[in-house]
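The block underneath contains the structure these notes are about, expressed in structure tokens.
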Amino acid sequence: MANTYRYIGKATPRKDAADIVTGGSRFLNDIKMPNMLYGKVLRSPHAHALIKRIDKSKAEKLEGVEAVLTWEDVPDWRGGTPRCTRILDRKVRYVGDAVALIAATNEEIARRAIGLIDVEYEVLPAVFEMEEALKPDAPQLYDEFHGNVVTPGVPFFGPKSLQEVVMGDVEKGFQEADVITEGTFGYENIPNPLPPEAPGAIALWEEPNRVTLWVSNQASYMDKITLFHVMGRKVEVRTIGGPCGGSYGSKFMSWQVQTYATLLSRATGKPVKLIFTKEEHLAAFTMRIASRMTARVGMKRDGTVTAVSGTWLIDTGYYSMTTQSQVAVGCGEVQIAVRCANWDLKPKIVCTNRNASGIVRGFGGQELKCTLIPLLSLAMEKLEIDPFQFLKKNFVKPGDGYFWRDGIWYTYRGVDFSKAMEGGAERFGWGKKWKGWLKPSAVEGTKRRGIGVGVHGNADIGEDASEAYVRLHPDGTAMLFSCVTEHGTGQRTNFVKMVAEVLQLPLDNVSITPADSLINPYEFGPAGSRGTYAIGSAVIAAAEDAKRKLFELLAPKLQAEPSELETADGVIFVKGHPEKKMSWKAMSVDRTITGCGRFEPDYTLSNCMMTFVEVEVDTETGKVTLCRVVNATDVGQVIDPLGLEGQLNGCLGSGGIDSALFEETILDRSSGHILNANMIDYKWRTFSELPPIDHVVFETPIPSHRFHAVGVGEIATSPGPAAVLMAVSNAIGIWLHEYPVTPERVLKALGKVRPRDRKGGVA
Amino acid sequence: MKGIKSRKIRLVVNGHIHELEVGGRPGQIKPSHTLAHTLRETLGLTGTKVSCDHGACGCCTVLMDNQAVLSCMTLTVECDGKKITTIEGLKDPKTEGLDPLQQAFIDHTAFQCGFCTPGILMSAKALLYENPLPTEEDVKEALSGNFCRCISHYQVVRAVMSASEEVR
Ligand code: FES
Ligand code: FES
């Protein structure tokens, strides 16, 4: 179908492009204010300890130091779900836990002051392993979490929030199976999403109870709401969001750094900037949850999954803010990817004495699938089922359903993604390359090639509410009020495009407000892939509403009915009679027209991404090279082709495909120290290691969106890791079940280095 | 900061001469200050970004006498007499027009969050000074020290190639 839109689907420059390429974008750390102080955090060297005594007198005497705060000085503000984690506590729970906050006139003084604080600890036994943490005599992290099991459920998702996948009759399901496989599988390398810009905040407190925060976050309006609750519902919070230097989910929650800055500003009366160092970012912000599943699956010869039962252990580190949400969404996502009538999958969230896990692209579903697909693969192998056919068959189809995060059953009414999947398989050459399980697709000397495939879908594209206003001006311009920050997806520009398309205005005549919570309506933010459908629909509704009001106002002047009017380029005319027209100026120069839009959550749609990978394994060195990636999806309608391409290319980084190849956070499980908390030791992909990558993008219109589009950006990272594991196993003819597939693990599997005891992997 | 004799160093940053005093007083350049710090904090040129502050990510890349250097690993006191170009100085100084590289980045949306972009642009500029007609492999090699977590790499390579093609 030819694209008849003026902007939608066309490549247009990002609104912020000129700022980005000239250095004009003002990221958080580029902001300076008069009298601004700099904050630093003293962090615990112990994984678990009680603070017996803190002497801060020397630090306080250092010239330039304006505040030193310890657990004794701060209000009982708490984060976490449920709210049990104090901002500063008498107890520290991981290496890097905050012990004291310092504000000084410059960073150097603040850093020196850290060294002058004298802390006496009573070191407690610590626990770094989920199974250990669950033992009756394990060290307990919180009084509130008996046995280190974090309270399940997400109040925000409603009273029935999804905590497990239980339906049908698994015993019956296993009886119907032709094959049953079982085992324990892990995805426990806790990669860090690692945006280039470190987490930070600038806070300005005003007595008695007001704070303004400059944030560089993915969802600045939600910061306001989160902080309101963390701060005991007694503080009025305003957030001003600017450009965000990468997030990938992680900066959806920055309550800690934001409260640190707030407390220091409250103590000094001055604006305080607190930005984490890269080491803090890697060791004391948030990373992926660790996932371990012990389960059984039953499968029929035709690829029907008859039963899934087991436990899903999730290590959240020392606290959980969103892990329950990730479990809820993950449990929903697994039903979208794997059709099965009988489930008994019980998650358990465990806290241990390491840095916390938080949000990363994939949001629970990636972690769950990275452990479930290897188990399903064992059954597929026994039945000689092609994994591409299996994943295609079992992905949600119109009329199927799932329990979503609120515990409510939804019937899926989106498109059948089979066509897009087949398009991807064809581009990749799957049919020719697939030689069967544990068989390489090619062998050349010591090099063996293998292929793998993964899939992911998320019904979050219509999750949560959004609101927007569009204001029309007599000079033929429009302004979109939407509390959306730009974190790299280009969505701020895309929303402007949507408004410009509805109003048929030049792109330059539509602007968008800063993401200031004071002026904009409620916005959950571009989390998951909800931007295009959820936020987009609110924005479009606001533009339509404004247009309707404009027509109602001017119809009498044109002696026409509002329904007979159309507008383009700031001129209103009667349809079919372009000579009967008047400029927007006719609304009168002392008037603006504001339209309002709101999106109500809709969980009946899902997006989909299938990823095909080919790897080459050097059986001499164990090195795995990613040779080719093909992503296949159906987005309904492309909004911005270059932006979409960027999102899909993102499948490699931010704890995505590369988390199966080389990315990991290395935790010393005896001391609790993270051993690679710097960007030299934390591995990342360079320009010289880019595999050929291809995206097959279908556009099957989605009726319920004005431009028939759904979002897809978030899920690009998710199908890949399991596909890599599959591809490497096929290349070497031996199952590999640990992420990432380091040379050492490959050589171990090949019997070329002596195996060490390992946790996880196939039983 | 006793024992450090006050002296002056001279930097030409984006065509402007800056005479900076070295010393321990506020406003002076300390011997420990990195070029990134001086550019951002003293001269207010915040277009240069710092990510790792450790020489590992290339975010802070600027040009020193037209060669790419990591400004977080360069001490300001070592830059006496040098010509420094930052992202703010990439525009044509006479016409104020965008450098072809900048325009190519806009045309190809060769960025996502844009935090790594100034560093990538400066590395690419240094490459084009040295080798105006690079191959794709040359571009990848020249940028291999630049971290981009969003994975703008593919679009960056295309943008740099197209900017260099304009020269062809
Ligand atoms: S900030 Fe200089 S190399 Fe990373
Ligand atoms: S564009 Fe975000 S890190 Fe490169």
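Chain labels A, B, ... are given in the sequence in which chains occur in the structure tokens; within each chain residues are numbered consecutively from 1, and ligands are likewise numbered from 1 in the order shown.
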
Item to check | Those of chain B in DSSP strand (DSSP E), formatted as an MDAnalysis selection string | outcome: chainID B and resid 7:13 16:22 61:64 67:70 83:85

Those selected residues, please, written with N, CA and C atoms and delivered as a PDB file, in the first residue's frame.
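Once everything was written out, this is again.pdb:
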ATOM      1  N   ARG B   7      51.710  30.081  36.922  1.00  0.00           N
ATOM      2  CA  ARG B   7      52.166  30.345  35.560  1.00  0.00           C
ATOM      3  C   ARG B   7      50.950  30.342  34.648  1.00  0.00           C
ATOM      4  N   LYS B   8      51.166  30.720  33.439  1.00  0.00           N
ATOM      5  CA  LYS B   8      50.043  30.779  32.511  1.00  0.00           C
ATOM      6  C   LYS B   8      50.243  29.803  31.385  1.00  0.00           C
ATOM      7  N   ILE B   9      49.141  29.217  30.947  1.00  0.00           N
ATOM      8  CA  ILE B   9      49.223  28.431  29.726  1.00  0.00           C
ATOM      9  C   ILE B   9      48.248  29.017  28.725  1.00  0.00           C
ATOM     10  N   ARG B  10      48.509  28.696  27.475  1.00  0.00           N
ATOM     11  CA  ARG B  10      47.732  29.285  26.399  1.00  0.00           C
ATOM     12  C   ARG B  10      47.123  28.171  25.564  1.00  0.00           C
ATOM     13  N   LEU B  11      45.817  28.215  25.461  1.00  0.00           N
ATOM     14  CA  LEU B  11      45.106  27.220  24.647  1.00  0.00           C
ATOM     15  C   LEU B  11      44.322  27.949  23.571  1.00  0.00           C
ATOM     16  N   VAL B  12      44.329  27.411  22.385  1.00  0.00           N
ATOM     17  CA  VAL B  12      43.438  27.966  21.362  1.00  0.00           C
ATOM     18  C   VAL B  12      42.293  26.976  21.218  1.00  0.00           C
ATOM     19  N   VAL B  13      41.155  27.357  21.755  1.00  0.00           N
ATOM     20  CA  VAL B  13      40.020  26.439  21.731  1.00  0.00           C
ATOM     21  C   VAL B  13      38.991  26.956  20.737  1.00  0.00           C
ATOM     22  N   HIS B  16      39.476  30.413  19.604  1.00  0.00           N
ATOM     23  CA  HIS B  16      39.604  31.498  20.589  1.00  0.00           C
ATOM     24  C   HIS B  16      40.798  31.235  21.499  1.00  0.00           C
ATOM     25  N   ILE B  17      41.544  32.278  21.743  1.00  0.00           N
ATOM     26  CA  ILE B  17      42.713  32.131  22.619  1.00  0.00           C
ATOM     27  C   ILE B  17      42.287  32.240  24.071  1.00  0.00           C
ATOM     28  N   HIS B  18      42.711  31.277  24.882  1.00  0.00           N
ATOM     29  CA  HIS B  18      42.437  31.337  26.321  1.00  0.00           C
ATOM     30  C   HIS B  18      43.761  31.322  27.064  1.00  0.00           C
ATOM     31  N   GLU B  19      43.984  32.352  27.857  1.00  0.00           N
ATOM     32  CA  GLU B  19      45.161  32.353  28.714  1.00  0.00           C
ATOM     33  C   GLU B  19      44.690  31.896  30.082  1.00  0.00           C
ATOM     34  N   LEU B  20      45.205  30.789  30.552  1.00  0.00           N
ATOM     35  CA  LEU B  20      44.707  30.229  31.809  1.00  0.00           C
ATOM     36  C   LEU B  20      45.825  30.197  32.828  1.00  0.00           C
ATOM     37  N   GLU B  21      45.486  30.622  34.040  1.00  0.00           N
ATOM     38  CA  GLU B  21      46.481  30.601  35.115  1.00  0.00           C
ATOM     39  C   GLU B  21      46.497  29.234  35.767  1.00  0.00           C
ATOM     40  N   VAL B  22      47.693  28.761  36.000  1.00  0.00           N
ATOM     41  CA  VAL B  22      47.812  27.489  36.698  1.00  0.00           C
ATOM     42  C   VAL B  22      48.070  27.773  38.165  1.00  0.00           C
ATOM     43  N   THR B  61      36.171  12.585  23.498  1.00  0.00           N
ATOM     44  CA  THR B  61      37.158  12.859  22.441  1.00  0.00           C
ATOM     45  C   THR B  61      37.064  14.296  21.925  1.00  0.00           C
ATOM     46  N   VAL B  62      38.219  14.953  21.838  1.00  0.00           N
ATOM     47  CA  VAL B  62      38.321  16.265  21.200  1.00  0.00           C
ATOM     48  C   VAL B  62      39.539  16.211  20.263  1.00  0.00           C
ATOM     49  N   LEU B  63      39.721  17.249  19.507  1.00  0.00           N
ATOM     50  CA  LEU B  63      40.893  17.279  18.629  1.00  0.00           C
ATOM     51  C   LEU B  63      41.972  18.156  19.237  1.00  0.00           C
ATOM     52  N   MET B  64      43.191  17.650  19.213  1.00  0.00           N
ATOM     53  CA  MET B  64      44.330  18.474  19.594  1.00  0.00           C
ATOM     54  C   MET B  64      45.216  18.532  18.355  1.00  0.00           C
ATOM     55  N   GLN B  67      44.213  16.057  15.842  1.00  0.00           N
ATOM     56  CA  GLN B  67      44.246  14.621  16.136  1.00  0.00           C
ATOM     57  C   GLN B  67      43.336  14.331  17.313  1.00  0.00           C
ATOM     58  N   ALA B  68      42.697  13.152  17.269  1.00  0.00           N
ATOM     59  CA  ALA B  68      41.756  12.806  18.341  1.00  0.00           C
ATOM     60  C   ALA B  68      42.505  12.493  19.633  1.00  0.00           C
ATOM     61  N   VAL B  69      42.073  13.118  20.729  1.00  0.00           N
ATOM     62  CA  VAL B  69      42.628  12.761  22.045  1.00  0.00           C
ATOM     63  C   VAL B  69      41.471  12.586  23.017  1.00  0.00           C
ATOM     64  N   LEU B  70      41.730  11.796  24.049  1.00  0.00           N
ATOM     65  CA  LEU B  70      40.725  11.612  25.092  1.00  0.00           C
ATOM     66  C   LEU B  70      40.931  12.732  26.112  1.00  0.00           C
ATOM     67  N   LYS B  83      46.250  23.636  19.836  1.00  0.00           N
ATOM     68  CA  LYS B  83      44.983  24.029  19.231  1.00  0.00           C
ATOM     69  C   LYS B  83      43.971  22.924  19.534  1.00  0.00           C
ATOM     70  N   ILE B  84      42.944  23.292  20.232  1.00  0.00           N
ATOM     71  CA  ILE B  84      41.927  22.307  20.622  1.00  0.00           C
ATOM     72  C   ILE B  84      40.644  22.596  19.848  1.00  0.00           C
ATOM     73  N   THR B  85      40.046  21.543  19.318  1.00  0.00           N
ATOM     74  CA  THR B  85      38.728  21.699  18.681  1.00  0.00           C
ATOM     75  C   THR B  85      37.746  20.787  19.397  1.00  0.00           C
TER      76      THR B  85
END

Chain B: which residues are alpha helix (DSSP H) by DSSP, as a PDB file with N, CA, C and O atoms, in the first residue's frame?
ATOM      1  N   LEU B  35      41.766  17.966  30.698  1.00  0.00           N
ATOM      2  CA  LEU B  35      41.282  18.868  29.659  1.00  0.00           C
ATOM      3  C   LEU B  35      39.749  18.847  29.637  1.00  0.00           C
ATOM      4  O   LEU B  35      39.100  19.880  29.460  1.00  0.00           O
ATOM      5  N   ALA B  36      39.167  17.674  29.841  1.00  0.00           N
ATOM      6  CA  ALA B  36      37.699  17.569  29.857  1.00  0.00           C
ATOM      7  C   ALA B  36      37.130  18.477  30.945  1.00  0.00           C
ATOM      8  O   ALA B  36      36.157  19.212  30.732  1.00  0.00           O
ATOM      9  N   HIS B  37      37.753  18.449  32.105  1.00  0.00           N
ATOM     10  CA  HIS B  37      37.286  19.277  33.212  1.00  0.00           C
ATOM     11  C   HIS B  37      37.398  20.761  32.859  1.00  0.00           C
ATOM     12  O   HIS B  37      36.470  21.536  33.070  1.00  0.00           O
ATOM     13  N   PRO B 100      30.053  19.051   7.100  1.00  0.00           N
ATOM     14  CA  PRO B 100      29.357  17.982   6.357  1.00  0.00           C
ATOM     15  C   PRO B 100      29.125  16.723   7.213  1.00  0.00           C
ATOM     16  O   PRO B 100      28.123  16.034   7.038  1.00  0.00           O
ATOM     17  N   LEU B 101      30.038  16.460   8.118  1.00  0.00           N
ATOM     18  CA  LEU B 101      29.851  15.295   9.000  1.00  0.00           C
ATOM     19  C   LEU B 101      28.615  15.486   9.877  1.00  0.00           C
ATOM     20  O   LEU B 101      27.809  14.573  10.048  1.00  0.00           O
ATOM     21  N   GLN B 102      28.477  16.669  10.429  1.00  0.00           N
ATOM     22  CA  GLN B 102      27.316  16.945  11.292  1.00  0.00           C
ATOM     23  C   GLN B 102      26.026  16.791  10.497  1.00  0.00           C
ATOM     24  O   GLN B 102      25.063  16.189  10.952  1.00  0.00           O
ATOM     25  N   GLN B 103      26.049  17.356   9.270  1.00  0.00           N
ATOM     26  CA  GLN B 103      24.852  17.257   8.432  1.00  0.00           C
ATOM     27  C   GLN B 103      24.546  15.800   8.108  1.00  0.00           C
ATOM     28  O   GLN B 103      23.390  15.367   8.150  1.00  0.00           O
ATOM     29  N   ALA B 104      25.588  15.034   7.839  1.00  0.00           N
ATOM     30  CA  ALA B 104      25.371  13.620   7.509  1.00  0.00           C
ATOM     31  C   ALA B 104      24.790  12.871   8.722  1.00  0.00           C
ATOM     32  O   ALA B 104      23.934  12.001   8.572  1.00  0.00           O
ATOM     33  N   PHE B 105      25.233  13.212   9.918  1.00  0.00           N
ATOM     34  CA  PHE B 105      24.685  12.571  11.121  1.00  0.00           C
ATOM     35  C   PHE B 105      23.198  12.904  11.272  1.00  0.00           C
ATOM     36  O   PHE B 105      22.412  12.061  11.682  1.00  0.00           O
ATOM     37  N   ILE B 106      22.839  14.142  10.948  1.00  0.00           N
ATOM     38  CA  ILE B 106      21.420  14.514  11.022  1.00  0.00           C
ATOM     39  C   ILE B 106      20.637  13.735   9.968  1.00  0.00           C
ATOM     40  O   ILE B 106      19.593  13.138  10.253  1.00  0.00           O
ATOM     41  N   ASP B 107      21.155  13.705   8.747  1.00  0.00           N
ATOM     42  CA  ASP B 107      20.419  13.066   7.648  1.00  0.00           C
ATOM     43  C   ASP B 107      20.236  11.568   7.866  1.00  0.00           C
ATOM     44  O   ASP B 107      19.255  10.990   7.421  1.00  0.00           O
ATOM     45  N   THR B 117      27.591  10.893  20.901  1.00  0.00           N
ATOM     46  CA  THR B 117      27.735  11.449  19.550  1.00  0.00           C
ATOM     47  C   THR B 117      28.850  12.493  19.410  1.00  0.00           C
ATOM     48  O   THR B 117      29.619  12.437  18.441  1.00  0.00           O
ATOM     49  N   PRO B 118      28.978  13.451  20.333  1.00  0.00           N
ATOM     50  CA  PRO B 118      30.082  14.407  20.171  1.00  0.00           C
ATOM     51  C   PRO B 118      31.436  13.710  20.069  1.00  0.00           C
ATOM     52  O   PRO B 118      32.252  14.056  19.193  1.00  0.00           O
ATOM     53  N   GLY B 119      31.664  12.711  20.894  1.00  0.00           N
ATOM     54  CA  GLY B 119      32.942  11.986  20.846  1.00  0.00           C
ATOM     55  C   GLY B 119      33.116  11.263  19.536  1.00  0.00           C
ATOM     56  O   GLY B 119      34.201  11.262  18.936  1.00  0.00           O
ATOM     57  N   ILE B 120      32.042  10.644  19.068  1.00  0.00           N
ATOM     58  CA  ILE B 120      32.109   9.918  17.790  1.00  0.00           C
ATOM     59  C   ILE B 120      32.380  10.895  16.644  1.00  0.00           C
ATOM     60  O   ILE B 120      33.220  10.638  15.774  1.00  0.00           O
ATOM     61  N   LEU B 121      31.694  12.023  16.672  1.00  0.00           N
ATOM     62  CA  LEU B 121      31.908  13.012  15.611  1.00  0.00           C
ATOM     63  C   LEU B 121      33.361  13.491  15.586  1.00  0.00           C
ATOM     64  O   LEU B 121      33.955  13.660  14.513  1.00  0.00           O
ATOM     65  N   MET B 122      33.929  13.708  16.762  1.00  0.00           N
ATOM     66  CA  MET B 122      35.300  14.221  16.789  1.00  0.00           C
ATOM     67  C   MET B 122      36.289  13.142  16.336  1.00  0.00           C
ATOM     68  O   MET B 122      37.247  13.444  15.618  1.00  0.00           O
ATOM     69  N   SER B 123      36.050  11.900  16.718  1.00  0.00           N
ATOM     70  CA  SER B 123      36.921  10.818  16.224  1.00  0.00           C
ATOM     71  C   SER B 123      36.822  10.710  14.711  1.00  0.00           C
ATOM     72  O   SER B 123      37.822  10.506  14.008  1.00  0.00           O
ATOM     73  N   ALA B 124      35.587  10.837  14.220  1.00  0.00           N
ATOM     74  CA  ALA B 124      35.379  10.731  12.773  1.00  0.00           C
ATOM     75  C   ALA B 124      36.051  11.892  12.052  1.00  0.00           C
ATOM     76  O   ALA B 124      36.635  11.731  10.979  1.00  0.00           O
ATOM     77  N   LYS B 125      35.973  13.072  12.655  1.00  0.00           N
ATOM     78  CA  LYS B 125      36.604  14.248  12.043  1.00  0.00           C
ATOM     79  C   LYS B 125      38.116  14.043  11.950  1.00  0.00           C
ATOM     80  O   LYS B 125      38.732  14.346  10.919  1.00  0.00           O
ATOM     81  N   ALA B 126      38.688  13.522  13.027  1.00  0.00           N
ATOM     82  CA  ALA B 126      40.140  13.274  13.015  1.00  0.00           C
ATOM     83  C   ALA B 126      40.492  12.291  11.916  1.00  0.00           C
ATOM     84  O   ALA B 126      41.489  12.452  11.206  1.00  0.00           O
ATOM     85  N   LEU B 127      39.662  11.279  11.751  1.00  0.00           N
ATOM     86  CA  LEU B 127      39.906  10.305  10.687  1.00  0.00           C
ATOM     87  C   LEU B 127      39.896  11.000   9.329  1.00  0.00           C
ATOM     88  O   LEU B 127      40.791  10.791   8.503  1.00  0.00           O
ATOM     89  N   LEU B 128      38.889  11.833   9.110  1.00  0.00           N
ATOM     90  CA  LEU B 128      38.770  12.456   7.790  1.00  0.00           C
ATOM     91  C   LEU B 128      39.888  13.458   7.521  1.00  0.00           C
ATOM     92  O   LEU B 128      40.259  13.685   6.374  1.00  0.00           O
ATOM     93  N   TYR B 129      40.436  14.058   8.576  1.00  0.00           N
ATOM     94  CA  TYR B 129      41.613  14.907   8.387  1.00  0.00           C
ATOM     95  C   TYR B 129      42.769  14.064   7.864  1.00  0.00           C
ATOM     96  O   TYR B 129      43.493  14.449   6.954  1.00  0.00           O
ATOM     97  N   GLU B 130      42.909  12.897   8.466  1.00  0.00           N
ATOM     98  CA  GLU B 130      44.042  12.060   8.142  1.00  0.00           C
ATOM     99  C   GLU B 130      43.816  11.311   6.835  1.00  0.00           C
ATOM    100  O   GLU B 130      44.736  11.071   6.064  1.00  0.00           O
ATOM    101  N   GLU B 136      34.988   1.633   4.663  1.00  0.00           N
ATOM    102  CA  GLU B 136      34.147   1.321   5.829  1.00  0.00           C
ATOM    103  C   GLU B 136      34.983   0.739   6.957  1.00  0.00           C
ATOM    104  O   GLU B 136      34.781   1.052   8.116  1.00  0.00           O
ATOM    105  N   GLU B 137      35.927  -0.108   6.570  1.00  0.00           N
ATOM    106  CA  GLU B 137      36.790  -0.722   7.581  1.00  0.00           C
ATOM    107  C   GLU B 137      37.614   0.343   8.306  1.00  0.00           C
ATOM    108  O   GLU B 137      37.795   0.277   9.520  1.00  0.00           O
ATOM    109  N   ASP B 138      38.105   1.330   7.551  1.00  0.00           N
ATOM    110  CA  ASP B 138      38.873   2.416   8.176  1.00  0.00           C
ATOM    111  C   ASP B 138      38.001   3.146   9.207  1.00  0.00           C
ATOM    112  O   ASP B 138      38.469   3.515  10.280  1.00  0.00           O
ATOM    113  N   VAL B 139      36.748   3.380   8.825  1.00  0.00           N
ATOM    114  CA  VAL B 139      35.859   4.111   9.724  1.00  0.00           C
ATOM    115  C   VAL B 139      35.655   3.313  11.020  1.00  0.00           C
ATOM    116  O   VAL B 139      35.776   3.830  12.133  1.00  0.00           O
ATOM    117  N   LYS B 140      35.377   2.039  10.859  1.00  0.00           N
ATOM    118  CA  LYS B 140      35.145   1.197  12.033  1.00  0.00           C
ATOM    119  C   LYS B 140      36.384   1.162  12.924  1.00  0.00           C
ATOM    120  O   LYS B 140      36.291   1.237  14.143  1.00  0.00           O
ATOM    121  N   GLU B 141      37.527   1.053  12.279  1.00  0.00           N
ATOM    122  CA  GLU B 141      38.782   1.010  13.025  1.00  0.00           C
ATOM    123  C   GLU B 141      38.981   2.319  13.802  1.00  0.00           C
ATOM    124  O   GLU B 141      39.290   2.317  14.990  1.00  0.00           O
ATOM    125  N   ALA B 142      38.749   3.425  13.108  1.00  0.00           N
ATOM    126  CA  ALA B 142      38.982   4.735  13.732  1.00  0.00           C
ATOM    127  C   ALA B 142      38.026   4.959  14.904  1.00  0.00           C
ATOM    128  O   ALA B 142      38.346   5.685  15.843  1.00  0.00           O
ATOM    129  N   HIS B 153      25.982   2.508  15.776  1.00  0.00           N
ATOM    130  CA  HIS B 153      27.154   2.228  14.925  1.00  0.00           C
ATOM    131  C   HIS B 153      26.848   2.147  13.430  1.00  0.00           C
ATOM    132  O   HIS B 153      27.556   2.722  12.613  1.00  0.00           O
ATOM    133  N   TYR B 154      25.821   1.376  13.093  1.00  0.00           N
ATOM    134  CA  TYR B 154      25.560   1.119  11.671  1.00  0.00           C
ATOM    135  C   TYR B 154      25.227   2.434  10.953  1.00  0.00           C
ATOM    136  O   TYR B 154      25.683   2.687   9.847  1.00  0.00           O
ATOM    137  N   GLN B 155      24.412   3.243  11.619  1.00  0.00           N
ATOM    138  CA  GLN B 155      24.019   4.502  10.996  1.00  0.00           C
ATOM    139  C   GLN B 155      25.182   5.494  11.002  1.00  0.00           C
ATOM    140  O   GLN B 155      25.317   6.300  10.083  1.00  0.00           O
ATOM    141  N   VAL B 156      26.041   5.401  12.016  1.00  0.00           N
ATOM    142  CA  VAL B 156      27.229   6.262  12.069  1.00  0.00           C
ATOM    143  C   VAL B 156      28.159   5.945  10.899  1.00  0.00           C
ATOM    144  O   VAL B 156      28.628   6.847  10.197  1.00  0.00           O
ATOM    145  N   VAL B 157      28.403   4.672  10.681  1.00  0.00           N
ATOM    146  CA  VAL B 157      29.316   4.293   9.592  1.00  0.00           C
ATOM    147  C   VAL B 157      28.772   4.828   8.272  1.00  0.00           C
ATOM    148  O   VAL B 157      29.492   5.415   7.464  1.00  0.00           O
ATOM    149  N   ARG B 158      27.463   4.667   8.085  1.00  0.00           N
ATOM    150  CA  ARG B 158      26.849   5.170   6.856  1.00  0.00           C
ATOM    151  C   ARG B 158      27.021   6.694   6.742  1.00  0.00           C
ATOM    152  O   ARG B 158      27.335   7.216   5.670  1.00  0.00           O
ATOM    153  N   ALA B 159      26.817   7.385   7.853  1.00  0.00           N
ATOM    154  CA  ALA B 159      26.907   8.848   7.834  1.00  0.00           C
ATOM    155  C   ALA B 159      28.342   9.288   7.515  1.00  0.00           C
ATOM    156  O   ALA B 159      28.556  10.186   6.694  1.00  0.00           O
ATOM    157  N   VAL B 160      29.311   8.648   8.139  1.00  0.00           N
ATOM    158  CA  VAL B 160      30.702   9.050   7.902  1.00  0.00           C
ATOM    159  C   VAL B 160      31.070   8.767   6.453  1.00  0.00           C
ATOM    160  O   VAL B 160      31.699   9.591   5.777  1.00  0.00           O
ATOM    161  N   MET B 161      30.654   7.612   5.952  1.00  0.00           N
ATOM    162  CA  MET B 161      30.952   7.293   4.550  1.00  0.00           C
ATOM    163  C   MET B 161      30.313   8.322   3.629  1.00  0.00           C
ATOM    164  O   MET B 161      30.935   8.768   2.664  1.00  0.00           O
ATOM    165  N   SER B 162      29.077   8.712   3.918  1.00  0.00           N
ATOM    166  CA  SER B 162      28.425   9.645   3.009  1.00  0.00           C
ATOM    167  C   SER B 162      29.073  11.019   3.104  1.00  0.00           C
ATOM    168  O   SER B 162      29.198  11.720   2.105  1.00  0.00           O
ATOM    169  N   ALA B 163      29.530  11.412   4.298  1.00  0.00           N
ATOM    170  CA  ALA B 163      30.219  12.701   4.411  1.00  0.00           C
ATOM    171  C   ALA B 163      31.524  12.669   3.632  1.00  0.00           C
ATOM    172  O   ALA B 163      31.920  13.653   3.007  1.00  0.00           O
ATOM    173  N   SER B 164      32.195  11.523   3.679  1.00  0.00           N
ATOM    174  CA  SER B 164      33.475  11.459   2.968  1.00  0.00           C
ATOM    175  C   SER B 164      33.229  11.371   1.469  1.00  0.00           C
ATOM    176  O   SER B 164      34.032  11.838   0.670  1.00  0.00           O
ATOM    177  N   GLU B 165      32.105  10.785   1.087  1.00  0.00           N
ATOM    178  CA  GLU B 165      31.804  10.711  -0.342  1.00  0.00           C
ATOM    179  C   GLU B 165      31.617  12.104  -0.951  1.00  0.00           C
ATOM    180  O   GLU B 165      31.901  12.335  -2.116  1.00  0.00           O
ATOM    181  N   GLU B 166      31.146  13.026  -0.122  1.00  0.00           N
ATOM    182  CA  GLU B 166      30.992  14.385  -0.634  1.00  0.00           C
ATOM    183  C   GLU B 166      32.330  14.958  -1.082  1.00  0.00           C
ATOM    184  O   GLU B 166      32.388  15.789  -1.967  1.00  0.00           O
ATOM    185  N   VAL B 167      33.374  14.487  -0.390  1.00  0.00           N
ATOM    186  CA  VAL B 167      34.713  14.951  -0.750  1.00  0.00           C
ATOM    187  C   VAL B 167      35.148  14.305  -2.066  1.00  0.00           C
ATOM    188  O   VAL B 167      35.872  14.881  -2.847  1.00  0.00           O
TER     189      VAL B 167
END

Next on the checklist: Would you mind listing, as number ranges by chain, all residues of chain B that have at least one atom within 6 Å of chain A, where only C-alpha atoms are what counts?
Outcome noted: B: 46-47, 51-52, 56, 87-88, 102, 106, 112-115, 140-141, 144, 149-151

Next on the checklist: Within 6 Å of ligand 1 (counting only C-alpha atoms and all ligand atoms), which residues show up? I'd like them as a ChimeraX atom specification.
Outcome noted: /B:50-60,70-72

Checklist entry - Smallest atom-to-atom distance to ligand 2: which of B:Lys49, B:Leu75, B:Asp80, B:Pro132, using only C-alpha atoms and all ligand atoms? => result B:Lys49

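With CA of Gln637 (chain A) on one side and CA of Trp430 (chain A) on the other, the separation reads 25.9 Å.
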
Item to check | d(CA of Glu664 (chain A), CA of Asn189 (chain A)) in Å | outcome: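 Taking CA of Glu664 (chain A) and CA of Asn189 (chain A), their separation equals 4.9 Å.
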
Checklist entry - Of the residues A:Tyr318, A:Tyr522, A:Tyr533, A:Tyr469, which is the one nearest to Ile593 (chain A), using only C-alpha atoms? => result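 With only C-alpha atoms as the atom set, the closest residue is A:Tyr469.
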